[in-house]
Structure formats: C-alpha cells, structure tokens
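Novice: Quick one: this structure, given as structure tokens, is what I'll be asking you about.
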Amino acid sequence: QYAKTHDQPVAFFSPQFHAGITWQLDIEQGLKHAIETEALEIYLQPKLDLTSHRILSYEALVRWNHAEHGFISPAAFIPVAERTMLGQTLDRYVLSAVIRLIANCREQGLEEPVIAVNMTAKHFSDTSLPVFIQELLDTHGVSANKLQLEITEGIVMKLRRTTTRVLDELRSLGIEISLDDFGTGYSSLSYLQQLYVHELKIDKVFIDDLESVRGATLVRSIIAIGKVSGLRIVAEGIETEEQVNVLRSMNCDLGQGYFFAKPQPGRRLLGLDAPPLSH
Ligand code: C2E
Ligand code: MG
Ligand code: MG
Ligand code: MG
C-alpha cells in the first residue's frame with residue numbers, strides 16, 4: 001500500500017484524496033444510472049479530407065449531462081469507467097446508439113455515414129465483442145464498413161493472445177481499426193507493421209507543436225512511416241488554417257479539429273429528424 005503511493009504521500013490523508021474517492025463512487029453510480037436511463041448523448045465530429053475538405057467519416061464522442069454537476073467531459077469519467085466493467089457497458093451503449101444512427105439515416109433517405117467509436121482498453125480482452133457487434137449490424141441492416149473502431153496504443157502494447165484474436169475477428173468482419181492518440185504511448189514505430197490497423201491518428205500534442213522545426217520533423221516522420229505501413233493518416237486537434245496547410249504539404253490524408261468543426265449533437269449534424277418522444 002505505502003510502496004504504491006510513495007510518489008504522492010501528501011495525497012494519502014488529504015481531504016482531496018477522500019473527495020477523490022467520493023467523486024469516483026459518484027461517477028461510477030451516476031454513469032451506471034445514465035447508461036440505464038439513456039442519459040448520454042452521442043456527439044459527432046467530422047474527419048475531413050485535407051485536400052477537398054469533404055467529410056469522409058465522423059467520430060462519436062459521448063457526452064454526459066449530469067443532473068448535479070452539469071456537463072461532465074468523457075476525459076473525467078472514462079478513466080473511472082475503465083477501472084470497472086462499466087467501460088465495456090459504455091462502449092456497447094455507444095456502439096448500439098451509433099449503429100442505430102446509421103440505420104436511421106438510411107430510413108430517412110440520407111446517405112449512411114461512416115462513424116468511428118472509441119473503445120476502452122479492457123474491451124479487447126472480451127471475446128464476445130465481435131459477436132456483439134455482428135449481431136447489432138445484422139439487426140439494423142448496417143454493413144460493417146460503416147463502422148470504425150478507435151483503439152489506443154495502450155491496447156496494442158498489451159497485445160495478448162486474446163486481444164490479437166479479438167482484433168483479428170473484428171477485422172475479418174470488415175470493420176476498420178484506427179490507432180488513436182498515436183505518439184503519446186510507449187509503442188515503437190516498428191510496431192505499426194505488425195498491427196494491421198487501417199488508420200493512424202496523430203495526437204493533438206504533435207499538431208500543437210507543428211510550428212517548431214522539431215515538431216514539424218516529428219510529424220513528417222510519423223506520416224512517412226505510417227504511409228510506408230499502408231495506413232491512412234489523420235491529424236487530430238487541428239485549430240488553425242496554417243496547420244491545415246502544413247499537414248497537407250506533408251501528405252497527411254485527413255484532418256479533424258475545431259478549425260473544421262467542434263463535436264456536435266449527432267442527430268442534428270447528420271440532418272436527422274428529432275427522435276420520437278416516447279421510447
Ligand atoms: P479522443 O478519442 O482522442 O478524442 C479527441 C478529443 O479531442 C475529444 O475530446 C474532442 O472533443 C477533442 N478535440 C477535437 N478537436 C479538437 C480541437 O481542435 N481542439 C481541442 N482542444 N480539442 C479537440 P472529448 O470529447 O472530451 O473526449 C476525450 C476522450 O474521451 C477521447 O479522446 C476518447 O479517448 C474518450 N472518449 C470520448 N467518447 C468516448 C466513448 O464513447 N467511448 C470511449 N471508450 N471513450 C470515449
Ligand atoms: Mg478517438
Ligand atoms: Mg485522440
Ligand atoms: Mg484522447
């Protein structure tokens with residue numbers, strides 16, 4: 001116990017520490033309730049072709065409007081959810097909501113969008129995931145190439161036999177896998193070849209540093225190596241036109257960020273009619 005916390009001994013008996021525990025339980029209970037009552041909303045942020053500025057796909061970003069605490073960012077509750085089975089429950093909630101959104105588009109005569117869903121790390125050691133997704137797709141008549149899954153380097157680093165099998169099965173269903181937050185983890189670039197992912201998303205921290213010579217060189221190298229591995233490259237967190245121009249000149253394929261569009265309520269962004277009032 002002490003050995004584990006010795007790097008932050010001050011927090012051990014501090015009020016903040018206890019507040020932290022309460023906050024965690026609060027989040028855990030609240031999130032469970034929010035999932036049960038469908039109080040989470042799916043926002044979407046477009047991923048655009050950097051040359052034509054056309055929207056090629058969207059990323060689903062979950063939003064929780066908490067009765068007491070107001071809007072809570074996924075950055076705050078996902079890490080808590082990931083410590084328990086709630087991570088999987090949340091993933092499945094979002095997967096189901098996203099596949100229904102795609103089916104709704106078809107039903108209302110709109111083009112079916114491609115949507116990426118963020119997945120928590122633990123979920124990739126759950127061998128029932130591919131079947132769960134296949135059944136959702138079948139039920140709603142949505143084809144697998146409309147769904148992408150974003151995974152982080154953390155998942156990849158822990159590539160165990162189960163993880164690899166789950167990834168293989170998802171890929172053979174025809175689902176594209178995207179490697180999120182690339183560069184922030186500990187994986188080496190040589191890892192990319194063994195991964196067989198389809199897309200690589202360069203983390204915002206690198207895009208923020210694009211003006212410096214060092215930052216630009218780093219991004220150029222990531223793009224080059226990603227391309228050699230046959231991956232589609234996405235830059236995350238683009239906020240300025242200057243960044244767009246630099247990234248395009250570096251042959252980066254797609255861009256995502258506030259410069260183009262902030263995440264917005266999914267139904268509205270896709271141009272869907274309001275949902276029926278009763279469930
Ligand atoms: P992420 O998947 O890397 O998503 C990118 C985050 O950056 C999102 O934050 C997005 O709103 C934000 N962002 C996009 N463009 C810009 C920009 O130009 N400037 C700035 N400052 N930020 C930008 P968000 O929505 O708060 O999500 C945070 C993280 O929470 C996500 O990182 C993802 O890892 C996780 N997450 C979100 N939704 C889900 C979900 O449904 N399931 C799971 N498992 N994780 C999720
Ligand atoms: Mg993501
Ligand atoms: Mg990311
Ligand atoms: Mg992130």
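Letters A, B, ... go to the chains of the structure tokens in the order shown; residues in each chain start at 1; ligands are counted from 1 in the same order.
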May I have the residues within 8 Å of ligand 3, computed using only C-alpha atoms and all ligand atoms, as a list in words?
Specialist: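 With only C-alpha atoms and all ligand atoms and a cut-off of 8 Å, ligand 3 is contacted by Asp180, Asp181, Phe182, Lys201, Ile202, Asp203, Lys204 and Glu236 of chain A.
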Novice: Go ahead and save the residues from that selection, with all heavy atoms, as an mmCIF file, in the first residue's frame.
Specialist:
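Listed below is the output, part_37.cif:
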```
data_model
loop_
_atom_site.group_PDB
_atom_site.id
_atom_site.type_symbol
_atom_site.label_atom_id
_atom_site.label_comp_id
_atom_site.auth_asym_id
_atom_site.auth_seq_id
_atom_site.Cartn_x
_atom_site.Cartn_y
_atom_site.Cartn_z
ATOM 1 N N ASP A 180 -5.644 5.451 -32.211
ATOM 2 C CA ASP A 180 -5.894 6.805 -31.691
ATOM 3 C C ASP A 180 -4.719 7.322 -30.862
ATOM 4 O O ASP A 180 -3.927 6.532 -30.352
ATOM 5 C CB ASP A 180 -7.147 6.717 -30.801
ATOM 6 C CG ASP A 180 -7.851 8.044 -30.633
ATOM 7 O OD1 ASP A 180 -7.355 9.062 -31.137
ATOM 8 O OD2 ASP A 180 -8.915 8.052 -29.989
ATOM 9 N N ASP A 181 -4.628 8.629 -30.717
ATOM 10 C CA ASP A 181 -3.646 9.270 -29.826
ATOM 11 C C ASP A 181 -2.230 8.801 -30.129
ATOM 12 O O ASP A 181 -1.411 8.646 -29.216
ATOM 13 C CB ASP A 181 -3.958 8.961 -28.348
ATOM 14 C CG ASP A 181 -5.334 9.435 -27.932
ATOM 15 O OD1 ASP A 181 -5.961 10.189 -28.692
ATOM 16 O OD2 ASP A 181 -5.786 9.051 -26.841
ATOM 17 N N PHE A 182 -1.952 8.560 -31.393
ATOM 18 C CA PHE A 182 -0.656 7.975 -31.717
ATOM 19 C C PHE A 182 0.498 8.881 -31.283
ATOM 20 O O PHE A 182 0.476 10.089 -31.500
ATOM 21 C CB PHE A 182 -0.526 7.679 -33.225
ATOM 22 C CG PHE A 182 0.742 6.949 -33.531
ATOM 23 C CD1 PHE A 182 0.833 5.587 -33.306
ATOM 24 C CD2 PHE A 182 1.858 7.631 -33.983
ATOM 25 C CE1 PHE A 182 2.022 4.898 -33.542
ATOM 26 C CE2 PHE A 182 3.047 6.963 -34.227
ATOM 27 C CZ PHE A 182 3.127 5.598 -34.004
ATOM 28 N N LYS A 201 -4.058 7.955 -36.083
ATOM 29 C CA LYS A 201 -4.414 9.329 -35.722
ATOM 30 C C LYS A 201 -3.291 9.956 -34.905
ATOM 31 O O LYS A 201 -2.997 9.513 -33.790
ATOM 32 C CB LYS A 201 -5.724 9.347 -34.913
ATOM 33 C CG LYS A 201 -6.905 8.782 -35.688
ATOM 34 C CD LYS A 201 -8.198 8.894 -34.892
ATOM 35 C CE LYS A 201 -8.727 10.328 -34.906
ATOM 36 N NZ LYS A 201 -10.060 10.394 -34.234
ATOM 37 N N ILE A 202 -2.688 10.976 -35.471
ATOM 38 C CA ILE A 202 -1.590 11.649 -34.778
ATOM 39 C C ILE A 202 -2.177 12.525 -33.678
ATOM 40 O O ILE A 202 -3.047 13.363 -33.926
ATOM 41 C CB ILE A 202 -0.770 12.530 -35.743
ATOM 42 C CG1 ILE A 202 -0.311 11.703 -36.950
ATOM 43 C CG2 ILE A 202 0.412 13.166 -35.033
ATOM 44 C CD1 ILE A 202 0.380 12.536 -38.018
ATOM 45 N N ASP A 203 -1.711 12.350 -32.464
ATOM 46 C CA ASP A 203 -2.281 13.060 -31.322
ATOM 47 C C ASP A 203 -2.101 14.581 -31.428
ATOM 48 O O ASP A 203 -1.125 15.079 -31.994
ATOM 49 C CB ASP A 203 -1.652 12.571 -30.017
ATOM 50 C CG ASP A 203 -2.460 13.019 -28.813
ATOM 51 O OD1 ASP A 203 -3.478 12.364 -28.518
ATOM 52 O OD2 ASP A 203 -2.090 14.039 -28.196
ATOM 53 N N LYS A 204 -3.055 15.286 -30.835
ATOM 54 C CA LYS A 204 -3.075 16.748 -30.847
ATOM 55 C C LYS A 204 -1.785 17.378 -30.325
ATOM 56 O O LYS A 204 -1.390 18.441 -30.809
ATOM 57 C CB LYS A 204 -4.272 17.235 -30.026
ATOM 58 C CG LYS A 204 -4.430 18.737 -29.971
ATOM 59 C CD LYS A 204 -5.684 19.132 -29.202
ATOM 60 C CE LYS A 204 -5.978 20.623 -29.330
ATOM 61 N NZ LYS A 204 -4.878 21.489 -28.872
ATOM 62 N N GLU A 236 -5.231 14.957 -35.529
ATOM 63 C CA GLU A 236 -6.262 15.321 -34.552
ATOM 64 C C GLU A 236 -6.026 16.725 -34.013
ATOM 65 O O GLU A 236 -4.886 17.157 -33.886
ATOM 66 C CB GLU A 236 -6.178 14.415 -33.316
ATOM 67 C CG GLU A 236 -6.502 12.984 -33.480
ATOM 68 C CD GLU A 236 -6.681 12.332 -32.103
ATOM 69 O OE1 GLU A 236 -5.684 12.035 -31.423
ATOM 70 O OE2 GLU A 236 -7.831 12.141 -31.716
#
```
Novice: DSSP says strand (DSSP E or B) for which residues of range 22-249 of chain A? Put them as a ChimeraX atom specification?
Specialist: /A:40-49,55-66,70-72,115-118,147-152,176-182,199-202,232-235
Novice: Counting only C-alpha atoms and all ligand atoms, which residues of chain A sit at most 7 Å from some atom of ligand 2, and what is each one's closest atom pair with its distance in Å to one decimal, listed by chain and rising residue number, as JSON lines?
Specialist:
```
{"residue": "A:Glu59", "atom": "CA", "partner": "ligand 2", "partner_atom_place_in_ligand_line": "1 (Mg)", "distance": 6.7}
{"residue": "A:Asn118", "atom": "CA", "partner": "ligand 2", "partner_atom_place_in_ligand_line": "1 (Mg)", "distance": 5.2}
{"residue": "A:Glu150", "atom": "CA", "partner": "ligand 2", "partner_atom_place_in_ligand_line": "1 (Mg)", "distance": 5.6}
{"residue": "A:Asp180", "atom": "CA", "partner": "ligand 2", "partner_atom_place_in_ligand_line": "1 (Mg)", "distance": 5.5}
```
Novice: Can you work out which one of A:Thr37, A:Ser125, A:Gln256, A:Gln264 has the shortest atom-to-atom distance to His53 in chain A, counting only C-alpha atoms?
Specialist: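 Residue with the minimum atom-to-atom distance to His53 in chain A: A:Gln256.
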Novice: Please tabulate, as a tab-separated table, the residues of chain A that come within 7 Å of ligand 1, each with its closest pair of atoms and the distance in Å to one decimal, counting only C-alpha atoms and all ligand atoms and ordering rows by chain, then residue number upward.
Specialist:
```
residue	atom	partner	partner_atom_place_in_ligand_line	distance
A:Ala60	CA	ligand 1	41 (O)	6.2
A:Leu61	CA	ligand 1	38 (N)	3.7
A:Val62	CA	ligand 1	38 (N)	4.2
A:Ser73	CA	ligand 1	26 (O)	5.1
A:Pro74	CA	ligand 1	30 (O)	4.5
A:Ala75	CA	ligand 1	28 (C)	4.6
A:Ile78	CA	ligand 1	45 (N)	6.0
A:Gly87	CA	ligand 1	44 (N)	6.5
A:Leu90	CA	ligand 1	42 (N)	6.5
A:Asp91	CA	ligand 1	42 (N)	5.4
A:Val94	CA	ligand 1	41 (O)	5.5
A:Val117	CA	ligand 1	41 (O)	6.2
A:Asn118	CA	ligand 1	43 (C)	4.4
A:Met119	CA	ligand 1	44 (N)	4.1
A:Thr120	CA	ligand 1	44 (N)	4.2
A:Asp180	CA	ligand 1	3 (O)	6.1
A:Asp181	CA	ligand 1	3 (O)	5.5
A:Glu236	CA	ligand 1	15 (N)	6.2
A:Gly237	CA	ligand 1	18 (O)	3.6
A:Ile238	CA	ligand 1	18 (O)	4.7
A:Glu239	CA	ligand 1	18 (O)	4.7
A:Gln256	CA	ligand 1	15 (N)	6.0
A:Gly257	CA	ligand 1	18 (O)	3.5
A:Tyr258	CA	ligand 1	18 (O)	3.6
A:Phe259	CA	ligand 1	18 (O)	6.1
A:Lys262	CA	ligand 1	15 (N)	6.3
A:Pro263	CA	ligand 1	11 (O)	5.8
```
Novice: Write out the residues from the selection above, keeping N, CA and C atoms, as an mmCIF file, in the first residue's frame.
Specialist:
```cif
data_model
loop_
_atom_site.group_PDB
_atom_site.id
_atom_site.type_symbol
_atom_site.label_atom_id
_atom_site.label_comp_id
_atom_site.auth_asym_id
_atom_site.auth_seq_id
_atom_site.Cartn_x
_atom_site.Cartn_y
_atom_site.Cartn_z
ATOM 1 N N ALA A 60 -17.578 9.406 -33.006
ATOM 2 C CA ALA A 60 -18.571 9.552 -31.946
ATOM 3 C C ALA A 60 -17.867 9.907 -30.645
ATOM 4 N N LEU A 61 -18.309 10.985 -30.001
ATOM 5 C CA LEU A 61 -17.754 11.406 -28.712
ATOM 6 C C LEU A 61 -18.926 11.534 -27.750
ATOM 7 N N VAL A 62 -18.870 10.748 -26.687
ATOM 8 C CA VAL A 62 -20.025 10.669 -25.799
ATOM 9 C C VAL A 62 -20.076 11.894 -24.882
ATOM 10 N N SER A 73 -17.040 15.974 -18.871
ATOM 11 C CA SER A 73 -16.263 15.552 -20.034
ATOM 12 C C SER A 73 -15.932 14.066 -19.945
ATOM 13 N N PRO A 74 -15.931 13.394 -21.079
ATOM 14 C CA PRO A 74 -15.543 11.981 -21.061
ATOM 15 C C PRO A 74 -14.130 11.802 -20.507
ATOM 16 N N ALA A 75 -13.297 12.833 -20.637
ATOM 17 C CA ALA A 75 -11.938 12.745 -20.108
ATOM 18 C C ALA A 75 -11.972 12.489 -18.597
ATOM 19 N N ILE A 78 -14.366 8.568 -18.280
ATOM 20 C CA ILE A 78 -13.891 7.343 -18.953
ATOM 21 C C ILE A 78 -12.819 6.627 -18.126
ATOM 22 N N GLY A 87 -16.742 0.280 -18.353
ATOM 23 C CA GLY A 87 -16.119 0.648 -19.636
ATOM 24 C C GLY A 87 -16.762 -0.124 -20.776
ATOM 25 N N LEU A 90 -20.356 0.977 -21.294
ATOM 26 C CA LEU A 90 -20.410 2.250 -22.005
ATOM 27 C C LEU A 90 -20.127 2.047 -23.498
ATOM 28 N N ASP A 91 -19.082 1.299 -23.812
ATOM 29 C CA ASP A 91 -18.737 1.020 -25.212
ATOM 30 C C ASP A 91 -19.937 0.447 -25.971
ATOM 31 N N VAL A 94 -22.648 2.997 -26.622
ATOM 32 C CA VAL A 94 -22.299 3.906 -27.722
ATOM 33 C C VAL A 94 -22.362 3.168 -29.068
ATOM 34 N N VAL A 117 -16.096 4.645 -33.392
ATOM 35 C CA VAL A 117 -16.422 4.586 -31.966
ATOM 36 C C VAL A 117 -15.142 4.334 -31.168
ATOM 37 N N ASN A 118 -14.930 5.114 -30.124
ATOM 38 C CA ASN A 118 -13.767 4.906 -29.242
ATOM 39 C C ASN A 118 -14.019 3.704 -28.342
ATOM 40 N N MET A 119 -13.012 2.863 -28.192
ATOM 41 C CA MET A 119 -13.172 1.665 -27.381
ATOM 42 C C MET A 119 -12.231 1.688 -26.179
ATOM 43 N N THR A 120 -12.749 1.251 -25.025
ATOM 44 C CA THR A 120 -11.882 1.184 -23.856
ATOM 45 C C THR A 120 -10.959 -0.043 -23.972
ATOM 46 N N ASP A 180 -5.644 5.451 -32.211
ATOM 47 C CA ASP A 180 -5.894 6.805 -31.691
ATOM 48 C C ASP A 180 -4.719 7.322 -30.862
ATOM 49 N N ASP A 181 -4.628 8.629 -30.717
ATOM 50 C CA ASP A 181 -3.646 9.270 -29.826
ATOM 51 C C ASP A 181 -2.230 8.801 -30.129
ATOM 52 N N GLU A 236 -5.231 14.957 -35.529
ATOM 53 C CA GLU A 236 -6.262 15.321 -34.552
ATOM 54 C C GLU A 236 -6.026 16.725 -34.013
ATOM 55 N N GLY A 237 -7.096 17.407 -33.649
ATOM 56 C CA GLY A 237 -6.958 18.674 -32.930
ATOM 57 C C GLY A 237 -6.416 19.827 -33.768
ATOM 58 N N ILE A 238 -6.813 19.872 -35.044
ATOM 59 C CA ILE A 238 -6.397 20.985 -35.908
ATOM 60 C C ILE A 238 -7.208 22.232 -35.550
ATOM 61 N N GLU A 239 -6.506 23.325 -35.227
ATOM 62 C CA GLU A 239 -7.220 24.536 -34.822
ATOM 63 C C GLU A 239 -6.975 25.730 -35.736
ATOM 64 N N GLN A 256 -9.012 16.596 -38.437
ATOM 65 C CA GLN A 256 -10.140 16.679 -37.528
ATOM 66 C C GLN A 256 -9.788 17.749 -36.513
ATOM 67 N N GLY A 257 -10.732 18.596 -36.155
ATOM 68 C CA GLY A 257 -10.422 19.608 -35.154
ATOM 69 C C GLY A 257 -11.359 20.787 -35.204
ATOM 70 N N TYR A 258 -11.237 21.660 -34.201
ATOM 71 C CA TYR A 258 -12.133 22.802 -34.075
ATOM 72 C C TYR A 258 -12.084 23.709 -35.294
ATOM 73 N N PHE A 259 -10.941 23.725 -36.013
ATOM 74 C CA PHE A 259 -10.864 24.565 -37.207
ATOM 75 C C PHE A 259 -11.980 24.197 -38.190
ATOM 76 N N LYS A 262 -16.450 21.599 -34.337
ATOM 77 C CA LYS A 262 -16.433 21.032 -32.990
ATOM 78 C C LYS A 262 -17.377 19.838 -32.969
ATOM 79 N N PRO A 263 -17.230 18.956 -31.988
ATOM 80 C CA PRO A 263 -18.214 17.880 -31.868
ATOM 81 C C PRO A 263 -19.603 18.486 -31.641
#
```
Novice: For CA of Glu135 in chain A and CA of Leu101 in chain A, quote the distance in Å rounded to one decimal.
Specialist: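 Computing the Euclidean distance for CA of Glu135 in chain A and CA of Leu101 in chain A yields 15.8 Å.
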Novice: If DSSP is run on the backbone, what residues of range 22-179 of chain A are helix (DSSP H, G or I)? A reply as a PyMOL selection string would be ideal.
Specialist: chain A and resi 22-36+74-82+86-107+121-125+129-140+144-146+153-157+161-173
Novice: Pick out the closest residue to ligand 4 from this set: A:Leu170, A:Ala76, A:Ile223, A:Ile233. Count only C-alpha atoms and all ligand atoms.
Specialist: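 Under the stated criterion, the closest residue is A:Ala76.
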Novice: Could you list, as an MDAnalysis selection string, every residue within 10 Å of Asn145 in chain A, counting only C-alpha atoms and ignoring same-chain residues fewer than 3 positions away?
Specialist: chainID A and resid 113:115 142 148 173:176
Novice: Using only C-alpha atoms, which residues sit within 7 Å of Val166 in chain A once same-chain residues fewer than 2 positions away are excluded, as number ranges by chain?
Specialist: A: 124, 127, 130, 162-164, 168-170
Novice: With distances taken over only C-alpha atoms, which residue among A:Glu68, A:Glu41, A:Glu241, A:Glu82 lies nearest Arg268 in chain A?
Specialist: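 Looking only at the distances to Arg268 in chain A, the closest residue turns out to be A:Glu41.
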Novice: From the set A:Ser57, A:Thr184, A:Asn251, A:Ser172, which residue has the shortest atom-to-atom contact distance to Ala116 in chain A, counting only C-alpha atoms?
Specialist: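 Result for the nearest residue to Ala116 in chain A: A:Ser57.
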Novice: Under the rule that only C-alpha atoms and all ligand atoms are counted, which of A:Asp138, A:Glu153, A:Glu38, A:Glu28 is the nearest residue to ligand 4?
Specialist: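 Answer, going by the shortest atom-to-atom distance: A:Glu153.
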Novice: Near Ile35 in chain A, within 8 Å and counting only C-alpha atoms, which residues show up once chain neighbours fewer than 4 positions away are dropped, as a compact mmCIF listing (two decimals) with N, CA and C atoms, in the first residue's frame?
Specialist:
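So result_38.txt came out as:
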```txt
# COMPACT_ATOMS: atom_id res chain seq x y z
N LEU A 31 -22.90 7.13 -13.62
CA LEU A 31 -22.72 6.68 -15.00
C LEU A 31 -23.57 5.45 -15.27
N ALA A 39 -29.20 8.55 -20.63
CA ALA A 39 -29.00 9.99 -20.45
C ALA A 39 -27.68 10.47 -21.05
N LEU A 40 -27.09 9.64 -21.87
CA LEU A 40 -25.84 10.04 -22.52
C LEU A 40 -26.17 10.44 -23.95
N THR A 89 -19.66 -1.65 -20.70
CA THR A 89 -21.08 -1.28 -20.79
C THR A 89 -21.24 0.01 -21.59
N LEU A 90 -20.36 0.98 -21.29
CA LEU A 90 -20.41 2.25 -22.00
C LEU A 90 -20.13 2.05 -23.50
N TYR A 93 -23.08 0.61 -25.20
CA TYR A 93 -24.14 1.61 -25.31
C TYR A 93 -23.88 2.51 -26.52
```
Novice: Would you mind listing what lies within 6 Å of Tyr58 in chain A as a PDB file with N, CA, C and O atoms, in the first residue's frame, with only C-alpha atoms counted and same-chain residues fewer than 6 positions away left out?
Specialist:
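Contents of result.pdb, as written:
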```
ATOM      1  N   LEU A  44     -20.984  14.066 -32.585  1.00  0.00           N
ATOM      2  CA  LEU A  44     -20.128  13.623 -33.683  1.00  0.00           C
ATOM      3  C   LEU A  44     -19.205  14.748 -34.103  1.00  0.00           C
ATOM      4  O   LEU A  44     -19.587  15.916 -34.096  1.00  0.00           O
ATOM      5  N   GLN A  45     -17.969  14.383 -34.451  1.00  0.00           N
ATOM      6  CA  GLN A  45     -17.036  15.357 -35.023  1.00  0.00           C
ATOM      7  C   GLN A  45     -16.541  14.800 -36.357  1.00  0.00           C
ATOM      8  O   GLN A  45     -16.087  13.655 -36.425  1.00  0.00           O
ATOM      9  N   PRO A  46     -16.642  15.602 -37.425  1.00  0.00           N
ATOM     10  CA  PRO A  46     -16.245  15.105 -38.750  1.00  0.00           C
ATOM     11  C   PRO A  46     -14.733  14.901 -38.880  1.00  0.00           C
ATOM     12  O   PRO A  46     -13.944  15.597 -38.243  1.00  0.00           O
ATOM     13  N   LYS A  47     -14.373  13.937 -39.728  1.00  0.00           N
ATOM     14  CA  LYS A  47     -12.995  13.769 -40.183  1.00  0.00           C
ATOM     15  C   LYS A  47     -13.021  14.135 -41.669  1.00  0.00           C
ATOM     16  O   LYS A  47     -13.795  13.543 -42.435  1.00  0.00           O
ATOM     17  N   ILE A 115     -18.983   5.941 -39.179  1.00  0.00           N
ATOM     18  CA  ILE A 115     -18.763   6.510 -37.846  1.00  0.00           C
ATOM     19  C   ILE A 115     -17.778   5.664 -37.043  1.00  0.00           C
ATOM     20  O   ILE A 115     -17.874   4.433 -37.012  1.00  0.00           O
TER      21      ILE A 115
END
```
Novice: For the atom pair CA of Gly141 in chain A and CA of Glu199 in chain A, what is the interatomic distance in Å to one decimal place?
Specialist: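 Separation between CA of Gly141 in chain A and CA of Glu199 in chain A: 24.8 Å.
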Novice: Smallest atom-to-atom distance to ligand 4: which of A:Gly109, A:Gly30, A:Gly271, A:Gly185, using only C-alpha atoms and all ligand atoms?
Specialist: A:Gly185
Novice: As a list in words, please: the residues near Arg267 in chain A (cut-off 9 Å, only C-alpha atoms, same-chain neighbours under 5 positions excluded).
Specialist: Ile42, Tyr43, Leu44, Leu101, Leu272, Asp273, Ala274 and Pro275 of chain A
Novice: Emit the selected residues as an mmCIF file, in the first residue's frame, including N, CA, C and O atoms.
Specialist:
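Contents of the output file result.cif:
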```cif
data_model
loop_
_atom_site.group_PDB
_atom_site.id
_atom_site.type_symbol
_atom_site.label_atom_id
_atom_site.label_comp_id
_atom_site.auth_asym_id
_atom_site.auth_seq_id
_atom_site.Cartn_x
_atom_site.Cartn_y
_atom_site.Cartn_z
ATOM 1 N N ILE A 42 -24.834 11.211 -27.939
ATOM 2 C CA ILE A 42 -23.769 10.984 -28.900
ATOM 3 C C ILE A 42 -23.526 12.260 -29.701
ATOM 4 O O ILE A 42 -24.398 12.735 -30.413
ATOM 5 N N TYR A 43 -22.332 12.818 -29.526
ATOM 6 C CA TYR A 43 -21.908 13.930 -30.364
ATOM 7 C C TYR A 43 -21.033 13.369 -31.469
ATOM 8 O O TYR A 43 -20.423 12.309 -31.303
ATOM 9 N N LEU A 44 -20.984 14.066 -32.585
ATOM 10 C CA LEU A 44 -20.128 13.623 -33.683
ATOM 11 C C LEU A 44 -19.205 14.748 -34.103
ATOM 12 O O LEU A 44 -19.587 15.916 -34.096
ATOM 13 N N LEU A 101 -28.021 5.178 -35.289
ATOM 14 C CA LEU A 101 -27.935 6.449 -36.021
ATOM 15 C C LEU A 101 -27.732 6.198 -37.507
ATOM 16 O O LEU A 101 -28.366 6.828 -38.358
ATOM 17 N N LEU A 272 -30.832 14.429 -39.228
ATOM 18 C CA LEU A 272 -31.940 13.521 -38.921
ATOM 19 C C LEU A 272 -33.075 14.271 -38.238
ATOM 20 O O LEU A 272 -32.848 15.247 -37.523
ATOM 21 N N ASP A 273 -34.285 13.771 -38.431
ATOM 22 C CA ASP A 273 -35.439 14.315 -37.721
ATOM 23 C C ASP A 273 -35.266 14.058 -36.235
ATOM 24 O O ASP A 273 -34.542 13.161 -35.834
ATOM 25 N N ALA A 274 -35.969 14.830 -35.415
ATOM 26 C CA ALA A 274 -35.932 14.618 -33.968
ATOM 27 C C ALA A 274 -36.439 13.215 -33.662
ATOM 28 O O ALA A 274 -37.306 12.698 -34.369
ATOM 29 N N PRO A 275 -35.876 12.586 -32.610
ATOM 30 C CA PRO A 275 -36.337 11.240 -32.269
ATOM 31 C C PRO A 275 -37.756 11.300 -31.711
ATOM 32 O O PRO A 275 -38.175 12.333 -31.203
#
```
